[in-house]
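Source file: start-v3.pdb; contents: PDB, C-alpha atoms.
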MODEL        1
ATOM      1  CA  GLU A 278      95.622  89.621 114.413  1.00  0.00           C
ATOM      2  CA  LEU A 279      96.100  93.013 112.798  1.00  0.00           C
ATOM      3  CA  LYS A 280      92.867  94.880 112.132  1.00  0.00           C
ATOM      4  CA  VAL A 281      92.672  97.939 109.898  1.00  0.00           C
ATOM      5  CA  GLU A 282      89.654 100.236 109.966  1.00  0.00           C
ATOM      6  CA  GLN A 283      88.990 103.000 107.484  1.00  0.00           C
ATOM      7  CA  ASN A 284      86.347 105.650 107.757  1.00  0.00           C
ATOM      8  CA  PRO A 285      84.284 106.806 106.188  1.00  0.00           C
ATOM      9  CA  LEU A 286      83.599 103.908 103.829  1.00  0.00           C
ATOM     10  CA  PHE A 287      81.715 106.180 101.449  1.00  0.00           C
ATOM     11  CA  LEU A 288      82.354 109.852 100.912  1.00  0.00           C
ATOM     12  CA  SER A 289      80.526 112.210  98.587  1.00  0.00           C
ATOM     13  CA  MET A 290      81.907 115.696  98.380  1.00  0.00           C
ATOM     14  CA  GLN A 291      81.633 118.811  96.302  1.00  0.00           C
ATOM     15  CA  GLU A 292      84.435 120.017  94.111  1.00  0.00           C
ATOM     16  CA  GLY A 293      86.620 122.523  95.861  1.00  0.00           C
ATOM     17  CA  LYS A 294      85.958 121.163  99.358  1.00  0.00           C
ATOM     18  CA  ASN A 295      88.411 119.608 101.796  1.00  0.00           C
ATOM     19  CA  TYR A 296      88.034 116.332 103.624  1.00  0.00           C
ATOM     20  CA  THR A 297      90.011 113.706 105.539  1.00  0.00           C
ATOM     21  CA  ILE A 298      89.944 109.914 105.379  1.00  0.00           C
ATOM     22  CA  TYR A 299      91.059 108.048 108.494  1.00  0.00           C
ATOM     23  CA  CYS A 300      92.878 104.733 108.838  1.00  0.00           C
ATOM     24  CA  ASN A 301      93.171 103.152 112.293  1.00  0.00           C
ATOM     25  CA  TYR A 302      95.046  99.947 112.983  1.00  0.00           C
ATOM     26  CA  SER A 303      95.227  97.657 115.961  1.00  0.00           C
ATOM     27  CA  THR A 304      98.874  96.620 116.447  1.00  0.00           C
ATOM     28  CA  THR A 305     102.246  98.272 116.210  1.00  0.00           C
ATOM     29  CA  SER A 306     103.509  98.908 112.713  1.00  0.00           C
ATOM     30  CA  ASP A 307     105.964 101.322 111.185  1.00  0.00           C
ATOM     31  CA  ARG A 308     104.907 100.975 107.582  1.00  0.00           C
ATOM     32  CA  LEU A 309     101.661 102.157 106.103  1.00  0.00           C
ATOM     33  CA  TYR A 310     100.635 102.437 102.490  1.00  0.00           C
ATOM     34  CA  TRP A 311      97.904 104.277 100.641  1.00  0.00           C
ATOM     35  CA  TYR A 312      96.565 103.012  97.324  1.00  0.00           C
ATOM     36  CA  ARG A 313      94.071 104.277  94.804  1.00  0.00           C
ATOM     37  CA  GLN A 314      91.784 102.036  92.769  1.00  0.00           C
ATOM     38  CA  ASP A 315      89.592 103.205  89.893  1.00  0.00           C
ATOM     39  CA  PRO A 316      86.504 101.102  89.065  1.00  0.00           C
ATOM     40  CA  GLY A 317      87.432  97.878  87.305  1.00  0.00           C
ATOM     41  CA  LYS A 318      91.129  98.709  87.514  1.00  0.00           C
ATOM     42  CA  SER A 319      94.098  97.590  89.556  1.00  0.00           C
ATOM     43  CA  LEU A 320      95.636  99.375  92.544  1.00  0.00           C
ATOM     44  CA  GLU A 321      98.046 102.276  92.206  1.00  0.00           C
ATOM     45  CA  SER A 322     100.507 103.054  94.974  1.00  0.00           C
ATOM     46  CA  LEU A 323     100.097 106.627  96.283  1.00  0.00           C
ATOM     47  CA  PHE A 324     102.144 106.950  99.457  1.00  0.00           C
ATOM     48  CA  VAL A 325     104.479 104.930 101.641  1.00  0.00           C
ATOM     49  CA  LEU A 326     104.789 106.174 105.234  1.00  0.00           C
ATOM     50  CA  LEU A 327     107.681 104.682 107.157  1.00  0.00           C
ATOM     51  CA  SER A 328     108.023 106.536 110.435  1.00  0.00           C
ATOM     52  CA  ASN A 329     106.098 108.367 113.121  1.00  0.00           C
ATOM     53  CA  GLY A 330     105.260 111.858 111.996  1.00  0.00           C
ATOM     54  CA  ALA A 331     105.850 111.096 108.334  1.00  0.00           C
ATOM     55  CA  VAL A 332     103.979 113.403 105.992  1.00  0.00           C
ATOM     56  CA  LYS A 333     103.879 113.082 102.231  1.00  0.00           C
ATOM     57  CA  GLN A 334     102.090 115.199  99.659  1.00  0.00           C
ATOM     58  CA  GLU A 335     101.276 114.709  96.023  1.00  0.00           C
ATOM     59  CA  GLY A 336      99.056 117.265  94.355  1.00  0.00           C
ATOM     60  CA  ARG A 337      95.800 117.622  96.270  1.00  0.00           C
ATOM     61  CA  LEU A 338      96.476 114.602  98.506  1.00  0.00           C
ATOM     62  CA  MET A 339      98.475 114.598 101.716  1.00  0.00           C
ATOM     63  CA  ALA A 340      99.067 111.568 103.915  1.00  0.00           C
ATOM     64  CA  SER A 341     100.381 111.452 107.473  1.00  0.00           C
ATOM     65  CA  LEU A 342     101.240 108.793 110.020  1.00  0.00           C
ATOM     66  CA  ASP A 343     101.029 108.805 113.809  1.00  0.00           C
ATOM     67  CA  THR A 344     102.387 105.458 114.982  1.00  0.00           C
ATOM     68  CA  LYS A 345     101.671 106.213 118.633  1.00  0.00           C
ATOM     69  CA  ALA A 346      97.988 106.746 117.920  1.00  0.00           C
ATOM     70  CA  ARG A 347      98.065 103.983 115.276  1.00  0.00           C
ATOM     71  CA  LEU A 348      96.419 106.382 112.884  1.00  0.00           C
ATOM     72  CA  SER A 349      97.017 107.575 109.363  1.00  0.00           C
ATOM     73  CA  THR A 350      95.102 110.275 107.562  1.00  0.00           C
ATOM     74  CA  LEU A 351      94.650 111.053 103.889  1.00  0.00           C
ATOM     75  CA  HIS A 352      93.679 114.678 103.457  1.00  0.00           C
ATOM     76  CA  ILE A 353      92.059 115.922 100.281  1.00  0.00           C
ATOM     77  CA  THR A 354      92.399 119.602  99.469  1.00  0.00           C
ATOM     78  CA  ALA A 355      90.096 121.387  97.022  1.00  0.00           C
ATOM     79  CA  ALA A 356      88.727 118.166  95.565  1.00  0.00           C
ATOM     80  CA  VAL A 357      88.316 117.737  91.829  1.00  0.00           C
ATOM     81  CA  HIS A 358      86.293 115.144  89.934  1.00  0.00           C
ATOM     82  CA  ASP A 359      89.435 113.233  88.867  1.00  0.00           C
ATOM     83  CA  LEU A 360      89.993 112.223  92.484  1.00  0.00           C
ATOM     84  CA  SER A 361      86.862 110.064  92.451  1.00  0.00           C
ATOM     85  CA  ALA A 362      88.083 106.531  93.219  1.00  0.00           C
ATOM     86  CA  THR A 363      88.372 104.042  96.060  1.00  0.00           C
ATOM     87  CA  TYR A 364      91.257 104.660  98.452  1.00  0.00           C
ATOM     88  CA  PHE A 365      92.743 101.850 100.513  1.00  0.00           C
ATOM     89  CA  CYS A 366      95.175 102.037 103.359  1.00  0.00           C
ATOM     90  CA  ALA A 367      97.307  98.968 104.050  1.00  0.00           C
ATOM     91  CA  VAL A 368      99.358  98.317 107.172  1.00  0.00           C
ATOM     92  CA  TYR A 369     102.467  96.163 107.087  1.00  0.00           C
ATOM     93  CA  ASN A 370     102.765  93.506 109.781  1.00  0.00           C
ATOM     94  CA  THR A 371     106.458  92.824 110.224  1.00  0.00           C
ATOM     95  CA  ASN A 372     105.922  89.561 112.115  1.00  0.00           C
ATOM     96  CA  ALA A 373     103.607  88.172 109.469  1.00  0.00           C
ATOM     97  CA  GLY A 374     105.573  89.625 106.576  1.00  0.00           C
ATOM     98  CA  LYS A 375     102.457  90.890 104.854  1.00  0.00           C
ATOM     99  CA  SER A 376     100.130  93.865 104.571  1.00  0.00           C
ATOM    100  CA  THR A 377      96.533  94.012 105.754  1.00  0.00           C
ATOM    101  CA  PHE A 378      94.162  96.265 103.813  1.00  0.00           C
ATOM    102  CA  GLY A 379      91.396  98.437 105.160  1.00  0.00           C
ATOM    103  CA  ASP A 380      87.937  98.121 103.608  1.00  0.00           C
ATOM    104  CA  GLY A 381      88.507 101.141 101.399  1.00  0.00           C
ATOM    105  CA  THR A 382      86.882 104.553 101.130  1.00  0.00           C
ATOM    106  CA  THR A 383      84.882 105.184  97.973  1.00  0.00           C
ATOM    107  CA  LEU A 384      85.168 108.858  97.153  1.00  0.00           C
ATOM    108  CA  THR A 385      82.788 110.593  94.763  1.00  0.00           C
ATOM    109  CA  VAL A 386      83.518 114.208  93.901  1.00  0.00           C
ATOM    110  CA  LYS A 387      80.554 116.042  92.457  1.00  0.00           C
ATOM    111  CA  PRO A 388      80.673 119.245  90.396  1.00  0.00           C
TER     112      PRO A 388
ATOM    113  CA  ASP B 202     110.771  97.961  83.237  1.00  0.00           C
ATOM    114  CA  THR B 203     108.614  99.096  86.151  1.00  0.00           C
ATOM    115  CA  GLU B 204     105.603  96.927  85.546  1.00  0.00           C
ATOM    116  CA  VAL B 205     103.988  93.758  86.725  1.00  0.00           C
ATOM    117  CA  THR B 206     102.509  91.967  83.727  1.00  0.00           C
ATOM    118  CA  GLN B 207      99.511  89.711  84.160  1.00  0.00           C
ATOM    119  CA  THR B 208      97.952  87.473  81.525  1.00  0.00           C
ATOM    120  CA  PRO B 209      95.271  86.929  80.539  1.00  0.00           C
ATOM    121  CA  LYS B 210      93.301  90.088  81.330  1.00  0.00           C
ATOM    122  CA  HIS B 211      89.994  88.243  81.150  1.00  0.00           C
ATOM    123  CA  LEU B 212      89.217  84.555  81.592  1.00  0.00           C
ATOM    124  CA  VAL B 213      85.967  82.621  81.477  1.00  0.00           C
ATOM    125  CA  MET B 214      86.224  79.004  82.532  1.00  0.00           C
ATOM    126  CA  GLY B 215      83.949  76.120  83.343  1.00  0.00           C
ATOM    127  CA  MET B 216      83.993  74.340  86.666  1.00  0.00           C
ATOM    128  CA  THR B 217      85.776  71.316  85.179  1.00  0.00           C
ATOM    129  CA  ASN B 218      88.493  73.292  83.397  1.00  0.00           C
ATOM    130  CA  LYS B 219      92.144  73.700  84.281  1.00  0.00           C
ATOM    131  CA  LYS B 220      93.689  77.074  83.562  1.00  0.00           C
ATOM    132  CA  SER B 221      96.649  79.158  84.677  1.00  0.00           C
ATOM    133  CA  LEU B 222      97.142  82.824  85.416  1.00  0.00           C
ATOM    134  CA  LYS B 223     100.581  84.242  84.747  1.00  0.00           C
ATOM    135  CA  CYS B 224     102.433  87.058  86.458  1.00  0.00           C
ATOM    136  CA  GLU B 225     105.851  88.427  85.535  1.00  0.00           C
ATOM    137  CA  GLN B 226     108.060  91.255  86.799  1.00  0.00           C
ATOM    138  CA  HIS B 227     111.571  92.348  85.845  1.00  0.00           C
ATOM    139  CA  MET B 228     112.201  94.892  88.582  1.00  0.00           C
ATOM    140  CA  GLY B 229     114.360  92.573  90.645  1.00  0.00           C
ATOM    141  CA  HIS B 230     111.726  92.421  93.357  1.00  0.00           C
ATOM    142  CA  ARG B 231     112.225  89.510  95.704  1.00  0.00           C
ATOM    143  CA  ALA B 232     108.623  89.160  96.850  1.00  0.00           C
ATOM    144  CA  MET B 233     105.564  88.401  94.732  1.00  0.00           C
ATOM    145  CA  TYR B 234     101.957  88.072  95.805  1.00  0.00           C
ATOM    146  CA  TRP B 235      98.595  86.853  94.580  1.00  0.00           C
ATOM    147  CA  TYR B 236      95.484  88.656  95.805  1.00  0.00           C
ATOM    148  CA  LYS B 237      91.819  87.952  95.196  1.00  0.00           C
ATOM    149  CA  GLN B 238      89.440  90.890  95.102  1.00  0.00           C
ATOM    150  CA  LYS B 239      85.672  90.661  95.036  1.00  0.00           C
ATOM    151  CA  ALA B 240      83.613  93.655  93.936  1.00  0.00           C
ATOM    152  CA  LYS B 241      83.631  96.541  96.414  1.00  0.00           C
ATOM    153  CA  LYS B 242      85.911  94.641  98.823  1.00  0.00           C
ATOM    154  CA  PRO B 243      89.586  95.019  99.711  1.00  0.00           C
ATOM    155  CA  PRO B 244      92.144  92.660  98.205  1.00  0.00           C
ATOM    156  CA  GLU B 245      92.607  89.420 100.131  1.00  0.00           C
ATOM    157  CA  LEU B 246      96.069  87.899 100.231  1.00  0.00           C
ATOM    158  CA  MET B 247      96.256  84.356  98.842  1.00  0.00           C
ATOM    159  CA  PHE B 248      99.970  83.569  98.486  1.00  0.00           C
ATOM    160  CA  VAL B 249     103.341  85.193  99.076  1.00  0.00           C
ATOM    161  CA  TYR B 250     106.540  84.023  97.418  1.00  0.00           C
ATOM    162  CA  SER B 251     109.512  85.678  99.061  1.00  0.00           C
ATOM    163  CA  TYR B 252     113.145  84.657  98.877  1.00  0.00           C
ATOM    164  CA  GLU B 253     112.198  81.291  97.410  1.00  0.00           C
ATOM    165  CA  LYS B 254     109.792  80.552 100.224  1.00  0.00           C
ATOM    166  CA  LEU B 255     106.075  80.180  99.656  1.00  0.00           C
ATOM    167  CA  SER B 256     103.602  81.342 102.298  1.00  0.00           C
ATOM    168  CA  ILE B 257      99.992  80.276 101.969  1.00  0.00           C
ATOM    169  CA  ASN B 258      96.855  81.848 103.392  1.00  0.00           C
ATOM    170  CA  GLU B 259      95.316  78.782 105.009  1.00  0.00           C
ATOM    171  CA  SER B 260      91.820  79.877 104.045  1.00  0.00           C
ATOM    172  CA  VAL B 261      92.613  79.521 100.328  1.00  0.00           C
ATOM    173  CA  PRO B 262      91.166  76.256  98.944  1.00  0.00           C
ATOM    174  CA  SER B 263      93.445  73.716  97.308  1.00  0.00           C
ATOM    175  CA  ARG B 264      91.856  74.279  93.908  1.00  0.00           C
ATOM    176  CA  PHE B 265      94.254  77.245  93.720  1.00  0.00           C
ATOM    177  CA  SER B 266      97.934  76.330  93.521  1.00  0.00           C
ATOM    178  CA  PRO B 267     100.831  78.723  92.992  1.00  0.00           C
ATOM    179  CA  GLU B 268     103.989  77.961  91.083  1.00  0.00           C
ATOM    180  CA  CYS B 269     107.182  80.004  90.993  1.00  0.00           C
ATOM    181  CA  PRO B 270     109.413  78.839  88.108  1.00  0.00           C
ATOM    182  CA  ASN B 271     111.941  81.613  88.837  1.00  0.00           C
ATOM    183  CA  SER B 272     112.214  84.850  90.782  1.00  0.00           C
ATOM    184  CA  SER B 273     110.466  86.841  88.038  1.00  0.00           C
ATOM    185  CA  LEU B 274     107.438  84.623  87.521  1.00  0.00           C
ATOM    186  CA  LEU B 275     104.576  83.610  89.771  1.00  0.00           C
ATOM    187  CA  ASN B 276     101.824  81.556  88.200  1.00  0.00           C
ATOM    188  CA  LEU B 277      98.481  80.596  89.691  1.00  0.00           C
ATOM    189  CA  HIS B 278      97.031  77.263  88.585  1.00  0.00           C
ATOM    190  CA  LEU B 279      93.269  76.874  88.722  1.00  0.00           C
ATOM    191  CA  HIS B 280      91.399  73.579  88.810  1.00  0.00           C
ATOM    192  CA  ALA B 281      87.772  72.684  89.490  1.00  0.00           C
ATOM    193  CA  LEU B 282      86.818  76.203  90.489  1.00  0.00           C
ATOM    194  CA  GLN B 283      83.430  77.241  91.807  1.00  0.00           C
ATOM    195  CA  PRO B 284      81.278  80.194  90.673  1.00  0.00           C
ATOM    196  CA  GLU B 285      82.099  81.984  93.944  1.00  0.00           C
ATOM    197  CA  ASP B 286      85.740  82.054  92.828  1.00  0.00           C
ATOM    198  CA  SER B 287      84.803  84.623  90.183  1.00  0.00           C
ATOM    199  CA  ALA B 288      86.758  87.762  91.065  1.00  0.00           C
ATOM    200  CA  LEU B 289      89.600  90.047  90.060  1.00  0.00           C
ATOM    201  CA  TYR B 290      92.925  88.329  90.680  1.00  0.00           C
ATOM    202  CA  LEU B 291      95.777  90.709  91.282  1.00  0.00           C
ATOM    203  CA  CYS B 292      99.458  89.956  91.239  1.00  0.00           C
ATOM    204  CA  ALA B 293     101.878  92.292  92.999  1.00  0.00           C
ATOM    205  CA  SER B 294     105.558  92.501  93.710  1.00  0.00           C
ATOM    206  CA  SER B 295     107.664  94.443  96.182  1.00  0.00           C
ATOM    207  CA  GLN B 296     111.161  95.120  97.336  1.00  0.00           C
ATOM    208  CA  GLN B 297     111.745  92.692 100.173  1.00  0.00           C
ATOM    209  CA  VAL B 298     112.371  95.408 102.733  1.00  0.00           C
ATOM    210  CA  ALA B 299     108.860  96.718 102.032  1.00  0.00           C
ATOM    211  CA  ASN B 300     109.992 100.311 102.098  1.00  0.00           C
ATOM    212  CA  TYR B 301     108.110 100.782  98.882  1.00  0.00           C
ATOM    213  CA  GLY B 302     104.512 100.153  98.102  1.00  0.00           C
ATOM    214  CA  TYR B 303     103.544  97.088  96.193  1.00  0.00           C
ATOM    215  CA  THR B 304     103.488  97.325  92.425  1.00  0.00           C
ATOM    216  CA  PHE B 305     100.289  95.737  91.206  1.00  0.00           C
ATOM    217  CA  GLY B 306      99.594  94.189  87.849  1.00  0.00           C
ATOM    218  CA  SER B 307      96.487  95.152  85.902  1.00  0.00           C
ATOM    219  CA  GLY B 308      94.674  92.044  87.107  1.00  0.00           C
ATOM    220  CA  THR B 309      92.839  89.082  85.595  1.00  0.00           C
ATOM    221  CA  ARG B 310      89.058  89.261  85.626  1.00  0.00           C
ATOM    222  CA  LEU B 311      88.003  85.631  86.183  1.00  0.00           C
ATOM    223  CA  THR B 312      84.493  84.351  85.635  1.00  0.00           C
ATOM    224  CA  VAL B 313      83.640  80.758  86.533  1.00  0.00           C
ATOM    225  CA  VAL B 314      80.527  79.400  84.825  1.00  0.00           C
TER     226      VAL B 314
ENDMDL
END
Now, as a test, write the supplied structure out as structure tokens.
Amino acid sequence: ELKVEQNPLFLSMQEGKNYTIYCNYSTTSDRLYWYRQDPGKSLESLFVLLSNGAVKQEGRLMASLDTKARLSTLHITAAVHDLSATYFCAVYNTNAGKSTFGDGTTLTVKP
Amino acid sequence: DTEVTQTPKHLVMGMTNKKSLKCEQHMGHRAMYWYKQKAKKPPELMFVYSYEKLSINESVPSRFSPECPNSSLLNLHLHALQPEDSALYLCASSQQVANYGYTFGSGTRLTVV
């Protein structure tokens, strides 16, 4: 059974600071997704990472994938309040034909 | 059209009621999903309809039943629900090859009283 672990689960940071969210998973996969969810809202797709060494950037967020280490990171640069949300990673299990979500990281950016 | 449309957005139902949640997409996606999400928890997969084949999470009780009238629609029929079934129900769709993230609908906030 595929297990996906995110850490930290809760993150409070000051505006302007940098931080990294980690997503570890237990079995081989070559597809990993990052989503954002605002309170009471649905999920928004941020990044799709399809190969070892993949790196994608959008604004202040950058995601990377190391399939050998079974690890993805979501790096936040110079955080701003608008980034406050819950971030989920999801790992695609080819055999099962479905994605398994991590528990999410709730990010609060304070002025 | 790049959206997944879910209706209704909010639903309050009694434990003896029968209701349906609707989900529609016109992106030509060949896979559609129903997820249940409790507060402060990740989404939990309930059903997958992919290439006309339905896959069921065995932990989902039979009071939830999916229906796929065509490749653009995936409904979720609700019957005799329990208060613990109150949650946000999310529909999503994806390209079959899963090289893209899922596109999620805005969700149905369900309250069972």
Exercise for review: Tell me which of B:His230, B:Ser263, B:His211, B:Glu204 sits closest to Arg310 of chain B, counting all atoms listed in the file.
Suggested key: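 For Arg310 of chain B, the nearest of the candidates is B:His211.
Counting all atoms listed in the file, Ala288 of chain B has the following residues at most 9 Å away, ignoring those fewer than 4 positions along the same chain: Lys237, Gln238, Lys239, Ala240, Thr309, Arg310, Leu311, Thr312 and Val313 of chain B.
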Point to revise | Selection under test: the ChimeraX specification (/B :<12) & /A; residues as an NGL selection string | key: :A and (281-283 or 286-287 or 307-328 or 362-371 or 373-383)
Exercise for review: Write out as a list in words the residues lying within 10 Å of Lys294 of chain A, counting only C-alpha atoms and excluding same-chain residues fewer than 2 positions away.
Suggested key: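 After dropping sequence-adjacent residues, the list is Met290, Gln291, Glu292, Tyr296, Ile353, Thr354, Ala355, Ala356, Val357 and Val386 of chain A.
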Review point. Can you tell me how far atom CA of Ala331 of chain A sits from atom CA of Ser361 of chain A, in Å to one decimal?
Key: 24.8 Å
Study note, to complete from the structure: re atom CA of Leu338 of chain A and atom CA of Thr385 of chain A: distance 14.7 Å
Exercise for review: Name the residues in contact with Val332 of chain A at a cut-off of 7 Å, using all atoms listed in the file, excluding same-chain residues fewer than 5 positions from it; report them as a VMD selection string.
Suggested key: chain A and resid 340 to 342
Mind rebuilding segment 260-270 of chain B with all heavy atoms and writing that out as a PDB file, in the coordinates of the input?
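Contents of the output file part-v4.pdb:
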ATOM      1  N   SER B 260      93.231  79.881 104.434  1.00  0.00           N
ATOM      2  CA  SER B 260      91.820  79.877 104.045  1.00  0.00           C
ATOM      3  C   SER B 260      91.633  79.683 102.536  1.00  0.00           C
ATOM      4  O   SER B 260      90.501  79.510 102.065  1.00  0.00           O
ATOM      5  CB  SER B 260      91.159  81.189 104.477  1.00  0.00           C
ATOM      6  OG  SER B 260      91.689  82.275 103.735  1.00  0.00           O
ATOM      7  N   VAL B 261      92.716  79.678 101.784  1.00  0.00           N
ATOM      8  CA  VAL B 261      92.613  79.521 100.328  1.00  0.00           C
ATOM      9  C   VAL B 261      92.434  78.039  99.998  1.00  0.00           C
ATOM     10  O   VAL B 261      93.237  77.205 100.432  1.00  0.00           O
ATOM     11  CB  VAL B 261      93.876  80.057  99.631  1.00  0.00           C
ATOM     12  CG1 VAL B 261      93.822  79.783  98.130  1.00  0.00           C
ATOM     13  CG2 VAL B 261      94.011  81.562  99.885  1.00  0.00           C
ATOM     14  N   PRO B 262      91.400  77.678  99.253  1.00  0.00           N
ATOM     15  CA  PRO B 262      91.166  76.256  98.944  1.00  0.00           C
ATOM     16  C   PRO B 262      92.238  75.706  98.003  1.00  0.00           C
ATOM     17  O   PRO B 262      92.895  76.446  97.274  1.00  0.00           O
ATOM     18  CB  PRO B 262      89.789  76.260  98.268  1.00  0.00           C
ATOM     19  CG  PRO B 262      89.483  77.660  97.946  1.00  0.00           C
ATOM     20  CD  PRO B 262      90.332  78.552  98.783  1.00  0.00           C
ATOM     21  N   SER B 263      92.375  74.385  98.052  1.00  0.00           N
ATOM     22  CA  SER B 263      93.445  73.716  97.308  1.00  0.00           C
ATOM     23  C   SER B 263      93.225  73.736  95.797  1.00  0.00           C
ATOM     24  O   SER B 263      94.132  73.358  95.041  1.00  0.00           O
ATOM     25  CB  SER B 263      93.585  72.265  97.781  1.00  0.00           C
ATOM     26  OG  SER B 263      92.375  71.574  97.561  1.00  0.00           O
ATOM     27  N   ARG B 264      92.066  74.174  95.347  1.00  0.00           N
ATOM     28  CA  ARG B 264      91.856  74.279  93.908  1.00  0.00           C
ATOM     29  C   ARG B 264      92.668  75.429  93.298  1.00  0.00           C
ATOM     30  O   ARG B 264      92.710  75.573  92.075  1.00  0.00           O
ATOM     31  CB  ARG B 264      90.366  74.440  93.595  1.00  0.00           C
ATOM     32  CG  ARG B 264      89.663  75.551  94.320  1.00  0.00           C
ATOM     33  CD  ARG B 264      88.166  75.491  94.036  1.00  0.00           C
ATOM     34  NE  ARG B 264      87.431  76.578  94.642  1.00  0.00           N
ATOM     35  CZ  ARG B 264      86.837  76.490  95.821  1.00  0.00           C
ATOM     36  NH1 ARG B 264      86.920  75.362  96.518  1.00  0.00           N
ATOM     37  NH2 ARG B 264      86.173  77.536  96.309  1.00  0.00           N
ATOM     38  N   PHE B 265      93.293  76.230  94.158  1.00  0.00           N
ATOM     39  CA  PHE B 265      94.254  77.245  93.720  1.00  0.00           C
ATOM     40  C   PHE B 265      95.649  76.763  94.114  1.00  0.00           C
ATOM     41  O   PHE B 265      95.883  76.441  95.286  1.00  0.00           O
ATOM     42  CB  PHE B 265      94.001  78.586  94.409  1.00  0.00           C
ATOM     43  CG  PHE B 265      92.688  79.224  94.053  1.00  0.00           C
ATOM     44  CD1 PHE B 265      91.559  78.969  94.823  1.00  0.00           C
ATOM     45  CD2 PHE B 265      92.581  80.072  92.974  1.00  0.00           C
ATOM     46  CE1 PHE B 265      90.338  79.546  94.503  1.00  0.00           C
ATOM     47  CE2 PHE B 265      91.370  80.669  92.642  1.00  0.00           C
ATOM     48  CZ  PHE B 265      90.249  80.405  93.410  1.00  0.00           C
ATOM     49  N   SER B 266      96.571  76.733  93.164  1.00  0.00           N
ATOM     50  CA  SER B 266      97.934  76.330  93.521  1.00  0.00           C
ATOM     51  C   SER B 266      98.940  77.237  92.822  1.00  0.00           C
ATOM     52  O   SER B 266      98.919  77.384  91.596  1.00  0.00           O
ATOM     53  CB  SER B 266      98.192  74.863  93.165  1.00  0.00           C
ATOM     54  OG  SER B 266      98.005  74.646  91.794  1.00  0.00           O
ATOM     55  N   PRO B 267      99.828  77.842  93.587  1.00  0.00           N
ATOM     56  CA  PRO B 267     100.831  78.723  92.992  1.00  0.00           C
ATOM     57  C   PRO B 267     102.044  77.941  92.525  1.00  0.00           C
ATOM     58  O   PRO B 267     102.338  76.854  93.013  1.00  0.00           O
ATOM     59  CB  PRO B 267     101.207  79.645  94.152  1.00  0.00           C
ATOM     60  CG  PRO B 267     101.031  78.792  95.362  1.00  0.00           C
ATOM     61  CD  PRO B 267      99.913  77.823  95.052  1.00  0.00           C
ATOM     62  N   GLU B 268     102.744  78.550  91.566  1.00  0.00           N
ATOM     63  CA  GLU B 268     103.989  77.961  91.083  1.00  0.00           C
ATOM     64  C   GLU B 268     104.949  79.087  90.785  1.00  0.00           C
ATOM     65  O   GLU B 268     104.569  80.065  90.132  1.00  0.00           O
ATOM     66  CB  GLU B 268     103.757  77.144  89.809  1.00  0.00           C
ATOM     67  CG  GLU B 268     105.043  76.558  89.225  1.00  0.00           C
ATOM     68  CD  GLU B 268     104.925  76.269  87.743  1.00  0.00           C
ATOM     69  OE1 GLU B 268     103.929  76.708  87.118  1.00  0.00           O
ATOM     70  OE2 GLU B 268     105.834  75.643  87.200  1.00  0.00           O
ATOM     71  N   CYS B 269     106.187  78.967  91.233  1.00  0.00           N
ATOM     72  CA  CYS B 269     107.182  80.004  90.993  1.00  0.00           C
ATOM     73  C   CYS B 269     108.357  79.407  90.225  1.00  0.00           C
ATOM     74  O   CYS B 269     109.316  78.937  90.830  1.00  0.00           O
ATOM     75  CB  CYS B 269     107.642  80.607  92.307  1.00  0.00           C
ATOM     76  SG  CYS B 269     108.535  82.163  92.110  1.00  0.00           S
ATOM     77  N   PRO B 270     108.331  79.426  88.900  1.00  0.00           N
ATOM     78  CA  PRO B 270     109.413  78.839  88.108  1.00  0.00           C
ATOM     79  C   PRO B 270     110.759  79.545  88.320  1.00  0.00           C
ATOM     80  O   PRO B 270     111.807  78.917  88.248  1.00  0.00           O
ATOM     81  CB  PRO B 270     108.940  79.015  86.664  1.00  0.00           C
ATOM     82  CG  PRO B 270     107.476  79.272  86.754  1.00  0.00           C
ATOM     83  CD  PRO B 270     107.246  79.957  88.059  1.00  0.00           C
TER      84      PRO B 270
END
